[in-house]
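Shown next: final-v9.txt, given as compact mmCIF, C-alpha atoms.
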```txt
# COMPACT_ATOMS: atom_id res chain seq x y z
CA MET A 1 49.81 185.47 95.92
CA SER A 2 49.66 183.51 99.15
CA GLU A 3 47.22 180.64 99.67
CA PRO A 4 43.75 181.72 100.81
CA LEU A 5 42.83 181.16 104.44
CA ILE A 6 39.80 178.87 104.68
CA PHE A 7 37.45 178.57 107.63
CA HIS A 8 35.03 175.63 107.56
CA PHE A 9 31.83 175.32 109.61
CA ASP A 10 29.06 172.77 109.92
CA VAL A 11 25.72 174.50 110.41
CA ASP A 12 23.46 172.58 112.76
CA GLY A 13 19.98 172.35 111.28
CA GLU A 14 18.35 171.33 114.55
CA ASN A 15 19.20 174.23 116.77
CA PHE A 16 17.58 177.46 115.75
CA THR A 17 18.70 179.47 118.75
CA SER A 18 22.37 178.69 118.17
CA ALA A 19 22.18 179.80 114.52
CA GLY A 20 24.75 182.49 113.99
CA GLN A 21 27.63 180.71 115.68
CA ALA A 22 29.55 180.32 112.44
CA SER A 23 29.03 183.96 111.43
CA THR A 24 30.00 185.17 114.89
CA GLN A 25 33.17 183.11 114.71
CA VAL A 26 33.95 184.44 111.23
CA LYS A 27 33.47 187.96 112.54
CA LYS A 28 36.07 187.28 115.22
CA ASN A 29 38.50 185.69 112.75
CA LEU A 30 38.21 188.57 110.29
CA ARG A 31 38.74 191.06 113.08
CA GLN A 32 41.93 189.26 114.03
CA LEU A 33 43.05 189.48 110.42
CA GLY A 34 42.66 193.25 110.68
CA LEU A 35 39.92 193.73 108.06
CA SER A 36 37.88 196.95 108.22
CA PRO A 37 34.72 197.04 110.37
CA ASP A 38 32.57 197.71 107.30
CA ILE A 39 33.88 194.63 105.44
CA ILE A 40 33.50 192.49 108.55
CA ARG A 41 29.93 193.71 109.02
CA ARG A 42 28.99 192.97 105.40
CA VAL A 43 30.53 189.49 105.42
CA SER A 44 29.04 188.51 108.75
CA ILE A 45 25.51 189.74 107.98
CA ALA A 46 25.48 188.01 104.57
CA MET A 47 26.74 184.83 106.16
CA TYR A 48 24.27 184.97 109.05
CA GLU A 49 21.35 185.33 106.65
CA GLY A 50 22.64 182.28 104.79
CA GLU A 51 23.04 180.34 108.01
CA ILE A 52 19.50 181.19 109.09
CA ASN A 53 18.18 180.10 105.69
CA MET A 54 19.97 176.77 105.99
CA VAL A 55 18.49 176.21 109.45
CA ILE A 56 14.97 177.27 108.46
CA HIS A 57 14.73 175.56 105.08
CA ALA A 58 17.44 172.94 104.63
CA ASP A 59 18.13 171.18 107.94
CA GLY A 60 21.62 172.69 108.09
CA GLY A 61 24.60 172.50 105.79
CA THR A 62 28.17 173.71 105.55
CA ALA A 63 29.79 177.11 105.32
CA ASP A 64 33.27 177.77 103.98
CA VAL A 65 34.81 181.20 104.18
CA GLY A 66 37.96 181.91 102.21
CA VAL A 67 40.06 185.03 102.63
CA THR A 68 42.46 186.12 99.91
CA GLU A 69 44.26 189.42 99.40
CA GLU A 70 41.48 190.53 97.03
CA TYR A 71 38.23 189.26 98.53
CA VAL A 72 36.39 187.26 101.15
CA GLU A 73 34.42 184.37 99.64
CA ILE A 74 31.56 182.64 101.44
CA VAL A 75 30.31 179.30 100.11
CA LEU A 76 27.14 177.96 101.71
CA LYS A 77 26.11 174.46 100.75
CA ASP A 78 23.04 172.50 101.77
CA HIS A 79 21.12 169.40 100.74
CA GLY A 80 17.73 170.97 101.34
CA PRO A 81 14.70 171.20 99.05
CA GLY A 82 16.25 173.69 96.62
CA ILE A 83 14.68 176.98 95.49
CA PRO A 84 12.01 176.46 92.79
CA ASN A 85 11.88 180.10 91.70
CA VAL A 86 15.05 182.06 92.43
CA GLU A 87 13.74 185.30 90.93
CA GLN A 88 10.74 185.21 93.27
CA ALA A 89 12.92 184.25 96.25
CA MET A 90 15.13 187.28 95.59
CA GLN A 91 12.21 189.69 95.95
CA GLU A 92 12.13 191.62 99.22
CA GLY A 93 9.22 190.41 101.32
CA PHE A 94 8.82 187.00 99.68
CA SER A 95 9.06 184.26 102.30
CA THR A 96 8.01 180.66 102.77
CA ALA A 97 8.89 180.61 106.49
CA THR A 98 6.40 179.19 108.98
CA ASP A 99 4.52 181.19 111.61
CA THR A 100 6.85 179.81 114.30
CA ILE A 101 9.88 181.16 112.46
CA ARG A 102 8.11 184.49 111.98
CA SER A 103 7.31 184.72 115.68
CA LEU A 104 11.08 184.64 116.31
CA GLY A 105 11.50 187.72 114.13
CA PHE A 106 12.64 185.94 110.97
CA GLY A 107 10.77 185.22 107.77
CA ALA A 108 10.63 188.87 106.69
CA GLY A 109 11.62 187.84 103.19
CA MET A 110 14.84 189.81 103.44
CA GLY A 111 17.39 187.01 103.73
CA LEU A 112 18.49 186.56 100.13
CA PRO A 113 18.03 190.29 99.31
CA ASN A 114 20.29 191.17 102.27
CA MET A 115 22.89 188.66 101.11
CA LYS A 116 22.92 190.36 97.71
CA ARG A 117 22.86 193.84 99.23
CA TYR A 118 25.93 193.28 101.38
CA THR A 119 28.12 191.41 98.91
CA ASP A 120 29.77 192.37 95.62
CA SER A 121 28.73 189.19 93.87
CA MET A 122 26.35 186.35 94.61
CA GLU A 123 25.67 183.18 92.67
CA ILE A 124 22.89 180.74 93.47
CA ASP A 125 23.22 177.20 92.23
CA THR A 126 20.08 175.32 93.18
CA VAL A 127 18.36 172.11 92.11
CA VAL A 128 14.93 171.26 93.48
CA GLY A 129 15.13 168.12 95.59
CA VAL A 130 18.92 168.13 95.61
CA GLY A 131 20.12 171.27 97.36
CA THR A 132 21.50 174.76 97.07
CA THR A 133 24.97 176.24 96.93
CA ILE A 134 25.39 179.97 97.30
CA THR A 135 28.71 181.64 96.58
CA MET A 136 29.20 185.24 97.68
CA ARG A 137 32.17 187.54 97.49
CA VAL A 138 33.01 190.76 99.25
CA ASN A 139 35.89 192.61 97.60
CA LEU A 140 38.62 194.00 99.84
CA MET B 141 26.74 210.19 123.53
CA LYS B 142 28.10 207.01 125.01
CA VAL B 143 25.90 204.02 125.84
CA LYS B 144 27.03 204.13 129.48
CA GLU B 145 25.37 207.55 129.87
CA LEU B 146 21.88 206.16 129.17
CA PRO B 147 21.15 204.82 132.70
CA ALA B 148 21.34 208.40 134.07
CA HIS B 149 18.38 209.18 131.81
CA GLY B 150 16.11 206.41 133.01
CA PHE B 151 17.23 203.53 130.79
CA GLU B 152 17.67 200.40 132.87
CA PRO B 153 20.98 198.65 132.11
CA LEU B 154 20.41 194.89 131.71
CA ALA B 155 23.84 194.17 130.26
CA LEU B 156 26.46 196.85 129.76
CA PRO B 157 29.70 195.08 128.81
CA ASP B 158 30.78 197.72 126.26
CA GLY B 159 29.44 201.01 127.66
CA GLU B 160 32.09 203.16 125.98
CA ARG B 161 30.44 202.75 122.58
CA GLU B 162 29.16 205.90 120.94
CA ILE B 163 25.54 206.06 119.78
CA ASP B 164 25.17 207.37 116.26
CA GLY B 165 21.52 207.40 115.21
CA VAL B 166 18.61 205.19 116.10
CA TYR B 167 16.90 202.29 114.32
CA ILE B 168 13.55 200.76 115.26
CA GLY B 169 12.39 197.31 114.19
CA ASP B 170 11.40 193.81 115.24
CA LEU B 171 11.90 191.85 112.02
CA LEU B 172 15.49 190.73 112.37
CA SER B 173 16.44 190.54 108.70
CA TRP B 174 14.89 193.92 108.15
CA VAL B 175 17.04 195.31 110.93
CA MET B 176 20.14 193.69 109.46
CA GLY B 177 19.34 195.19 106.09
CA ARG B 178 18.63 198.72 107.27
CA ALA B 179 20.20 199.50 110.64
CA GLN B 180 23.51 201.35 110.47
CA MET B 181 26.62 200.57 112.42
CA ASP B 182 26.58 202.30 115.86
CA ASN B 183 22.81 202.87 115.83
CA ALA B 184 20.90 202.33 119.05
CA TRP B 185 18.38 199.62 118.10
CA ILE B 186 14.94 199.84 119.69
CA THR B 187 12.89 196.65 119.67
CA ILE B 188 10.36 194.64 121.64
CA MET B 189 11.78 191.34 120.37
CA THR B 190 13.50 189.42 123.17
CA ASN B 191 14.58 186.05 121.81
CA VAL B 192 18.26 185.19 121.82
CA ASN B 193 18.68 185.82 118.09
CA VAL B 194 18.41 189.54 118.88
CA ILE B 195 21.88 189.38 120.38
CA ALA B 196 23.34 187.71 117.29
CA VAL B 197 21.76 190.36 115.07
CA ALA B 198 23.03 193.21 117.26
CA SER B 199 26.50 191.71 117.15
CA LEU B 200 26.59 191.15 113.39
CA ALA B 201 24.92 194.45 112.47
CA ASP B 202 27.29 196.13 114.93
CA THR B 203 24.69 198.33 116.61
CA SER B 204 25.92 200.21 119.70
CA CYS B 205 23.17 198.87 121.96
CA VAL B 206 19.80 197.15 122.05
CA ILE B 207 17.03 199.06 123.80
CA LEU B 208 14.04 196.97 124.81
CA ALA B 209 11.06 199.28 124.85
CA GLU B 210 7.64 199.01 126.52
CA GLY B 211 9.27 197.45 129.60
CA VAL B 212 9.28 194.00 127.99
CA GLU B 213 10.60 191.13 130.09
CA MET B 214 14.03 189.91 129.13
CA PRO B 215 14.71 186.17 129.43
CA ALA B 216 17.77 185.24 131.55
CA ASP B 217 19.53 183.53 128.64
CA LEU B 218 19.46 186.80 126.72
CA VAL B 219 21.39 188.62 129.47
CA GLU B 220 23.89 185.79 129.63
CA THR B 221 24.43 185.76 125.85
CA ALA B 222 24.63 189.56 125.71
CA LEU B 223 27.42 189.57 128.27
CA GLU B 224 29.18 186.74 126.45
CA LYS B 225 29.04 188.55 123.11
CA ASP B 226 29.78 192.05 124.47
CA ILE B 227 26.37 193.42 123.54
CA ASN B 228 24.85 196.31 125.50
CA VAL B 229 21.17 195.84 126.36
CA LEU B 230 19.05 198.42 128.16
CA ARG B 231 15.36 198.68 128.88
CA SER B 232 12.89 201.52 128.73
CA THR B 233 9.46 201.45 130.33
CA GLN B 234 8.29 203.95 127.72
CA PRO B 235 6.49 202.94 124.50
CA ILE B 236 8.65 202.74 121.37
CA TYR B 237 7.70 206.16 120.05
CA GLU B 238 8.45 207.97 123.31
CA THR B 239 11.69 205.99 123.69
CA ALA B 240 12.80 207.14 120.25
CA ILE B 241 11.89 210.76 120.98
CA GLN B 242 13.86 210.67 124.22
CA LEU B 243 16.88 209.20 122.44
CA ALA B 244 16.64 211.75 119.67
CA GLY B 245 16.84 214.52 122.27
CA LEU B 246 19.80 212.90 123.99
CA ILE B 247 21.96 212.26 120.94
CA SER B 248 21.27 215.45 119.00
```
Would you mind writing the structure in this file as structure tokens?
Amino acid sequence: MSEPLIFHFDVDGENFTSAGQASTQVKKNLRQLGLSPDIIRRVSIAMYEGEINMVIHADGGTADVGVTEEYVEIVLKDHGPGIPNVEQAMQEGFSTATDTIRSLGFGAGMGLPNMKRYTDSMEIDTVVGVGTTITMRVNL
Amino acid sequence: MKVKELPAHGFEPLALPDGEREIDGVYIGDLLSWVMGRAQMDNAWITIMTNVNVIAVASLADTSCVILAEGVEMPADLVETALEKDINVLRSTQPIYETAIQLAGLIS
């Protein structure tokens, strides 16, 4: 099998309105690779939710997207506060976002559930006070 | 129907860079993650939310167009970003419910 293609992005934690740049770029890259619109949609939505989470909660982080012949893998890594209760965070509607974030249309408590919904596997590795790494895969 | 046909029915085109797109169904919502979780590809998305993240969500969820209902004002940066990202945005002066009913009649 050939080496996976890797796309690396730094997610700026300061700029809320530019959140989504990495996912939009990934969408373009995957389109150029000829992946199906459904796969591209799932990968880019899952990644966008992750990006938004990193901006809202963790002051940014990094995103790495790898494409192999079998799957697209998204690894999101931050050094934010960590998630104290993952089970609770995975529930639709649970959110710790501020009113300001909510006024922008986010904070619906659908971020992590959407990431799970649109991917074939999702692993959350989180340590309170240290950070969170989320690894998602969408099978091709 | 195609997005470019909407202006003939009273929808004001604010950005129409990809008017050939077909509309298949309608989704209504203002909570962006909710929209990303539930809207289907090619839906016309009716909202009153007008911050720039709307364009990112429309792009990633691959909706055919954004329809701003209730005649809400659209900030200039939204038009600019919509054109940049090839996102169709139209406006209706009607309330959300009436906008949806009109669309339902047009696409059925």
Worksheet item: Using all atoms listed in the file, which chain A residues lie at most 10 Å away from chain B, written as a PyMOL selection string?
Response: chain A and resi 16-21+23-24+27+37-38+40-49+52+92-93+102-115+117-118
Practice prompt. Would you mind telling me which residue in B:Ile247, B:Ala184, B:Val206, B:Ile241 lies nearest to Leu156 in chain B when using all atoms listed in the file?
Written response: B:Val206
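Contact shell of Gln242 in chain B at 12 Å (all atoms listed in the file; same-chain neighbours under 5 positions omitted): Leu146, His149, Gly150, Phe151, Val166, Ile186, Ala209, Ser232, Thr233, Gln234, Pro235, Ile236, Tyr237, Ile247 and Ser248 of chain B.
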Discussion item. With all atoms listed in the file as the counted atoms, please give the residues lying no more than 9 Å from Cys205 in chain B, apart from itself and same-chain residues fewer than 4 positions off, as a VMD selection string.
Written reply: chain B and resid 143 156 158 to 159 161 163 182 to 186 198 227 to 230
Practice prompt. Considering only C-alpha atoms, return as an MDAnalysis selection string whatever protein or nucleic-acid residues lie within 12 Å of Glu70 in chain A, sequence-local ones (same chain, fewer than 3 positions apart) excluded.
Written response: chainID A and resid 1:4 35 66:67 73 120 137:140
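Taking CA of Asp226 in chain B as the reference point, CA of Ala148 in chain B is found at 20.8 Å.
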Worksheet entry | CA of Ala22 in chain A to CA of Ala63 in chain A, distance in Å rounded to a single decimal |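 Distance reported for this atom pair: 7.8 Å.
Take the candidates B:Glu238, B:Glu145, B:Glu152, B:Asp164 and check each one against Met214 in chain B using all atoms listed in the file; the shortest distance goes to B:Glu152.
Between CA of Asp64 in chain A and CA of Val130 in chain A the interatomic distance comes to 19.2 Å.
The residue that comes closest to Gly60 in chain A, out of A:Gly129, A:Ser36, A:Ile6, A:Asp12 and on the basis of all atoms listed in the file, is A:Asp12.
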Worksheet entry | Shortest interatomic distance to Ile134 in chain A - which of A:Asp78, A:Glu14, A:Glu69, A:Asp59, counting all atoms listed in the file |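 Among the listed residues, A:Asp78 lies closest to Ile134 in chain A.
In this comparison, which uses only C-alpha atoms, the residue of A:Met136, A:Val72, A:Phe9, A:Gln25 approaching Ile39 in chain A most closely is A:Val72.
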Worksheet entry | Top pick for closest residue to Ser95 in chain A, considering A:Val75, A:Val127, A:Ile83, A:Leu33 and counting only C-alpha atoms | A:Ile83
